[in-house]
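Trainee: What follows is coords_37.cif, mmCIF, N, CA and C atoms.
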data_run
#
loop_
_atom_site.label_atom_id
_atom_site.label_comp_id
_atom_site.auth_asym_id
_atom_site.auth_seq_id
_atom_site.Cartn_x
_atom_site.Cartn_y
_atom_site.Cartn_z
N MET D 1 -69.49 -20.19 -3.26
CA MET D 1 -70.13 -19.62 -4.42
C MET D 1 -69.56 -20.31 -5.66
N LEU D 2 -70.42 -20.72 -6.54
CA LEU D 2 -69.99 -21.37 -7.77
C LEU D 2 -69.81 -20.34 -8.88
N PHE D 3 -68.75 -20.49 -9.61
CA PHE D 3 -68.49 -19.61 -10.74
C PHE D 3 -68.45 -20.46 -11.99
N ARG D 4 -69.07 -19.99 -13.02
CA ARG D 4 -68.99 -20.71 -14.28
C ARG D 4 -67.90 -20.07 -15.12
N GLU D 5 -67.32 -20.87 -15.95
CA GLU D 5 -66.24 -20.39 -16.79
C GLU D 5 -66.80 -19.99 -18.14
N VAL D 6 -66.32 -18.88 -18.66
CA VAL D 6 -66.72 -18.39 -19.96
C VAL D 6 -65.45 -18.19 -20.79
N VAL D 7 -65.49 -18.64 -22.00
CA VAL D 7 -64.35 -18.46 -22.90
C VAL D 7 -64.63 -17.25 -23.76
N VAL D 8 -63.67 -16.33 -23.80
CA VAL D 8 -63.80 -15.10 -24.57
C VAL D 8 -62.70 -15.09 -25.61
N ARG D 9 -63.05 -14.74 -26.82
CA ARG D 9 -62.05 -14.65 -27.89
C ARG D 9 -61.66 -13.18 -28.05
N VAL D 10 -60.36 -12.93 -28.01
CA VAL D 10 -59.84 -11.58 -28.17
C VAL D 10 -58.86 -11.59 -29.33
N GLU D 11 -59.07 -10.70 -30.29
CA GLU D 11 -58.14 -10.59 -31.41
C GLU D 11 -57.03 -9.62 -31.05
N VAL D 12 -55.80 -10.08 -31.25
CA VAL D 12 -54.62 -9.30 -30.90
C VAL D 12 -53.76 -9.18 -32.15
N PRO D 13 -53.24 -7.99 -32.42
CA PRO D 13 -52.38 -7.83 -33.60
C PRO D 13 -51.23 -8.83 -33.57
N SER D 14 -50.86 -9.35 -34.74
CA SER D 14 -49.83 -10.38 -34.82
C SER D 14 -48.47 -9.90 -34.34
N HIS D 15 -48.24 -8.60 -34.36
CA HIS D 15 -46.93 -8.10 -33.92
C HIS D 15 -46.83 -7.94 -32.40
N TYR D 16 -47.94 -8.19 -31.68
CA TYR D 16 -47.92 -8.05 -30.22
C TYR D 16 -47.02 -9.13 -29.64
N VAL D 17 -46.14 -8.72 -28.75
CA VAL D 17 -45.25 -9.65 -28.08
C VAL D 17 -45.58 -9.60 -26.60
N GLY D 18 -45.86 -10.73 -26.04
CA GLY D 18 -46.17 -10.78 -24.63
C GLY D 18 -47.11 -11.93 -24.33
N ASP D 19 -47.41 -12.12 -23.07
CA ASP D 19 -48.32 -13.17 -22.63
C ASP D 19 -49.73 -12.60 -22.63
N VAL D 20 -50.41 -12.73 -23.75
CA VAL D 20 -51.73 -12.12 -23.93
C VAL D 20 -52.73 -12.65 -22.90
N GLU D 21 -52.74 -13.95 -22.69
CA GLU D 21 -53.69 -14.53 -21.75
C GLU D 21 -53.49 -13.95 -20.34
N ARG D 22 -52.24 -13.85 -19.92
CA ARG D 22 -51.95 -13.29 -18.59
C ARG D 22 -52.40 -11.85 -18.50
N GLU D 23 -52.11 -11.06 -19.53
CA GLU D 23 -52.46 -9.65 -19.53
C GLU D 23 -53.98 -9.44 -19.50
N VAL D 24 -54.71 -10.27 -20.24
CA VAL D 24 -56.17 -10.15 -20.26
C VAL D 24 -56.75 -10.55 -18.92
N ARG D 25 -56.26 -11.64 -18.35
CA ARG D 25 -56.74 -12.08 -17.03
C ARG D 25 -56.48 -11.00 -15.98
N LEU D 26 -55.28 -10.40 -16.03
CA LEU D 26 -54.93 -9.36 -15.08
C LEU D 26 -55.81 -8.13 -15.25
N ALA D 27 -56.00 -7.70 -16.49
CA ALA D 27 -56.84 -6.53 -16.75
C ALA D 27 -58.27 -6.76 -16.27
N TYR D 28 -58.79 -7.96 -16.50
CA TYR D 28 -60.14 -8.29 -16.07
C TYR D 28 -60.24 -8.28 -14.54
N ALA D 29 -59.26 -8.87 -13.89
CA ALA D 29 -59.25 -8.92 -12.43
C ALA D 29 -59.16 -7.51 -11.83
N VAL D 30 -58.29 -6.68 -12.38
CA VAL D 30 -58.15 -5.31 -11.89
C VAL D 30 -59.46 -4.54 -12.09
N ASP D 31 -60.08 -4.71 -13.25
CA ASP D 31 -61.34 -4.02 -13.51
C ASP D 31 -62.43 -4.45 -12.52
N LEU D 32 -62.57 -5.74 -12.29
CA LEU D 32 -63.57 -6.23 -11.34
C LEU D 32 -63.30 -5.69 -9.94
N PHE D 33 -62.02 -5.66 -9.55
CA PHE D 33 -61.66 -5.12 -8.24
C PHE D 33 -62.01 -3.64 -8.13
N LEU D 34 -61.64 -2.87 -9.14
CA LEU D 34 -61.91 -1.43 -9.11
C LEU D 34 -63.41 -1.12 -9.06
N ARG D 35 -64.22 -1.96 -9.69
CA ARG D 35 -65.67 -1.74 -9.69
C ARG D 35 -66.33 -2.29 -8.43
N GLY D 36 -65.54 -2.92 -7.56
CA GLY D 36 -66.08 -3.44 -6.31
C GLY D 36 -66.84 -4.74 -6.47
N VAL D 37 -66.66 -5.41 -7.59
CA VAL D 37 -67.37 -6.67 -7.84
C VAL D 37 -66.73 -7.81 -7.06
N VAL D 38 -65.41 -7.77 -6.93
CA VAL D 38 -64.69 -8.82 -6.19
C VAL D 38 -63.72 -8.18 -5.21
N SER D 39 -63.34 -8.96 -4.21
CA SER D 39 -62.34 -8.51 -3.24
C SER D 39 -60.97 -8.57 -3.87
N VAL D 40 -60.01 -7.97 -3.21
CA VAL D 40 -58.64 -8.00 -3.71
C VAL D 40 -58.12 -9.44 -3.74
N GLU D 41 -58.54 -10.24 -2.77
CA GLU D 41 -58.11 -11.63 -2.73
C GLU D 41 -58.66 -12.41 -3.91
N ARG D 42 -59.94 -12.21 -4.22
CA ARG D 42 -60.57 -12.90 -5.36
C ARG D 42 -59.99 -12.40 -6.67
N ALA D 43 -59.71 -11.12 -6.76
CA ALA D 43 -59.11 -10.57 -7.98
C ALA D 43 -57.74 -11.21 -8.23
N ALA D 44 -56.96 -11.37 -7.18
CA ALA D 44 -55.65 -12.02 -7.32
C ALA D 44 -55.82 -13.44 -7.84
N GLU D 45 -56.79 -14.13 -7.29
CA GLU D 45 -57.07 -15.50 -7.74
C GLU D 45 -57.47 -15.52 -9.22
N LEU D 46 -58.35 -14.62 -9.62
CA LEU D 46 -58.77 -14.55 -11.02
C LEU D 46 -57.61 -14.22 -11.95
N ALA D 47 -56.68 -13.42 -11.46
CA ALA D 47 -55.51 -13.04 -12.26
C ALA D 47 -54.48 -14.17 -12.31
N GLY D 48 -54.68 -15.18 -11.47
CA GLY D 48 -53.71 -16.28 -11.42
C GLY D 48 -52.43 -15.89 -10.73
N MET D 49 -52.55 -14.97 -9.77
CA MET D 49 -51.38 -14.45 -9.07
C MET D 49 -51.53 -14.67 -7.57
N SER D 50 -50.40 -14.64 -6.87
CA SER D 50 -50.47 -14.63 -5.42
C SER D 50 -51.02 -13.28 -4.99
N LEU D 51 -51.56 -13.22 -3.79
CA LEU D 51 -52.07 -11.95 -3.28
C LEU D 51 -50.96 -10.91 -3.25
N TYR D 52 -49.78 -11.32 -2.80
CA TYR D 52 -48.65 -10.39 -2.73
C TYR D 52 -48.34 -9.81 -4.11
N ASP D 53 -48.22 -10.69 -5.11
CA ASP D 53 -47.89 -10.22 -6.46
C ASP D 53 -48.98 -9.31 -7.03
N PHE D 54 -50.22 -9.64 -6.72
CA PHE D 54 -51.33 -8.79 -7.20
C PHE D 54 -51.27 -7.42 -6.53
N LEU D 55 -50.98 -7.39 -5.24
CA LEU D 55 -50.86 -6.11 -4.54
C LEU D 55 -49.71 -5.28 -5.11
N VAL D 56 -48.61 -5.94 -5.44
CA VAL D 56 -47.48 -5.24 -6.05
C VAL D 56 -47.91 -4.66 -7.40
N GLU D 57 -48.65 -5.43 -8.18
CA GLU D 57 -49.13 -4.95 -9.49
C GLU D 57 -50.08 -3.77 -9.32
N LEU D 58 -50.97 -3.83 -8.35
CA LEU D 58 -51.87 -2.70 -8.11
C LEU D 58 -51.06 -1.46 -7.76
N ARG D 59 -50.07 -1.60 -6.90
CA ARG D 59 -49.25 -0.47 -6.51
C ARG D 59 -48.50 0.10 -7.72
N ARG D 60 -47.99 -0.79 -8.58
CA ARG D 60 -47.29 -0.36 -9.79
C ARG D 60 -48.21 0.47 -10.68
N ARG D 61 -49.50 0.13 -10.66
CA ARG D 61 -50.48 0.85 -11.47
C ARG D 61 -51.06 2.07 -10.75
N GLY D 62 -50.62 2.31 -9.52
CA GLY D 62 -51.12 3.46 -8.77
C GLY D 62 -52.51 3.24 -8.20
N ILE D 63 -52.87 1.99 -7.97
CA ILE D 63 -54.19 1.65 -7.45
C ILE D 63 -54.06 1.25 -5.99
N GLN D 64 -54.85 1.88 -5.15
CA GLN D 64 -54.81 1.58 -3.71
C GLN D 64 -55.68 0.37 -3.43
N ALA D 65 -55.09 -0.66 -2.84
CA ALA D 65 -55.82 -1.89 -2.56
C ALA D 65 -56.66 -1.79 -1.30
N TYR D 66 -56.16 -1.06 -0.34
CA TYR D 66 -56.86 -0.91 0.94
C TYR D 66 -56.92 0.57 1.29
N PRO D 67 -57.96 0.98 2.00
CA PRO D 67 -58.11 2.41 2.33
C PRO D 67 -57.26 2.85 3.51
N TYR D 68 -56.00 2.44 3.53
CA TYR D 68 -55.08 2.82 4.59
C TYR D 68 -53.84 3.45 3.99
N SER D 69 -53.28 4.42 4.69
CA SER D 69 -51.96 4.91 4.30
C SER D 69 -50.95 3.87 4.77
N ASP D 70 -49.73 3.96 4.27
CA ASP D 70 -48.68 3.02 4.70
C ASP D 70 -48.50 3.10 6.21
N GLU D 71 -48.53 4.31 6.75
CA GLU D 71 -48.35 4.50 8.19
C GLU D 71 -49.50 3.86 8.97
N GLU D 72 -50.73 4.08 8.52
CA GLU D 72 -51.89 3.47 9.20
C GLU D 72 -51.84 1.95 9.15
N LEU D 73 -51.42 1.42 8.02
CA LEU D 73 -51.34 -0.04 7.87
C LEU D 73 -50.27 -0.60 8.80
N ARG D 74 -49.09 0.04 8.86
CA ARG D 74 -48.04 -0.43 9.78
C ARG D 74 -48.54 -0.38 11.22
N GLU D 75 -49.23 0.69 11.57
CA GLU D 75 -49.76 0.82 12.92
C GLU D 75 -50.79 -0.27 13.21
N GLU D 76 -51.69 -0.51 12.26
CA GLU D 76 -52.73 -1.53 12.42
C GLU D 76 -52.13 -2.92 12.58
N LEU D 77 -51.06 -3.18 11.85
CA LEU D 77 -50.42 -4.49 11.89
C LEU D 77 -49.35 -4.60 12.97
N GLY D 78 -49.05 -3.47 13.63
CA GLY D 78 -48.04 -3.46 14.68
C GLY D 78 -46.63 -3.60 14.15
N ILE D 79 -46.41 -3.06 12.96
CA ILE D 79 -45.08 -3.14 12.33
C ILE D 79 -44.40 -1.79 12.47
N GLU D 80 -43.16 -1.80 12.90
CA GLU D 80 -42.40 -0.56 13.04
C GLU D 80 -41.64 -0.23 11.80
#
For the structure just supplied, provide its representation as structure tokens.
Mentor:
Amino acid sequence: MLFREVVVRVEVPSHYVGDVEREVRLAYAVDLFLRGVVSVERAAELAGMSLYDFLVELRRRGIQAYPYSDEELREELGIE
């Protein structure tokens, strides 16, 4: 699937300290994932993060990436 790139201008207060581009990319990726527009893997890619790091970020935000409990996931993966 081909994706076209769009440049968006966002005005940020001058006193903001942080990596604005990273935060905007992450927010956009999380939003698309939550709305079911993209998979968790594609959202991680859009955020410019590894899948692991994106999953950690989702967990930090209280967002469930997969419809499994920790116990169900361990059982499914055969992890004790």
Trainee: What lies within 8 Å of Leu55 (chain D) using all atoms listed in the file, ignoring chain neighbours under 5 positions off, as a compact mmCIF listing (two decimals) with N, CA and C atoms, in the coordinates of the input?
Mentor:
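Generated output (selection_35.txt):
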# COMPACT_ATOMS: atom_id res chain seq x y z
N VAL D 40 -60.01 -7.97 -3.21
CA VAL D 40 -58.64 -8.00 -3.71
C VAL D 40 -58.12 -9.44 -3.74
N ALA D 44 -56.96 -11.37 -7.18
CA ALA D 44 -55.65 -12.02 -7.32
C ALA D 44 -55.82 -13.44 -7.84
N MET D 49 -52.55 -14.97 -9.77
CA MET D 49 -51.38 -14.45 -9.07
C MET D 49 -51.53 -14.67 -7.57
N SER D 50 -50.40 -14.64 -6.87
CA SER D 50 -50.47 -14.63 -5.42
C SER D 50 -51.02 -13.28 -4.99
N ARG D 60 -47.99 -0.79 -8.58
CA ARG D 60 -47.29 -0.36 -9.79
C ARG D 60 -48.21 0.47 -10.68
N ARG D 61 -49.50 0.13 -10.66
CA ARG D 61 -50.48 0.85 -11.47
C ARG D 61 -51.06 2.07 -10.75
N ILE D 63 -52.87 1.99 -7.97
CA ILE D 63 -54.19 1.65 -7.45
C ILE D 63 -54.06 1.25 -5.99
N ALA D 65 -55.09 -0.66 -2.84
CA ALA D 65 -55.82 -1.89 -2.56
C ALA D 65 -56.66 -1.79 -1.30
Trainee: Name the residues in contact with Val30 (chain D) at a cut-off of 8 Å, using only N, CA and C atoms, excluding same-chain residues fewer than 3 positions from it; report them as a list in words.
Mentor: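 Here the qualifying residues turn out to be Val24, Arg25, Leu26, Ala27, Phe33, Leu34, Arg35, Gly36, Ala43, Ala44, Leu46, Ala47 and Leu58 of chain D.
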Trainee: Could you tell me how far CA of Glu45 (chain D) lies from CA of Glu23 (chain D), in Å and to one decimal?
Mentor: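 Separation between CA of Glu45 (chain D) and CA of Glu23 (chain D): 13.9 Å.
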Trainee: List every residue of chain D that DSSP, applied to the backbone, labels as helix (DSSP H, G or I), and write the result as a VMD selection string.
Mentor: chain D and resid 20 to 34 40 to 47 51 to 60 70 to 77
Trainee: Counting only C-alpha atoms, which of D:Arg9, D:Tyr68, D:Gly62, D:Gly48 gets nearest to Arg22 (chain D)?
Mentor: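 Checking each candidate against Arg22 (chain D), we get D:Gly48 as the closest.
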Trainee: Pick the closest to Phe54 (chain D) from D:Asp19, D:Glu41, D:Glu71, D:Glu11: which is it, counting only C-alpha atoms?
Mentor: D:Glu41
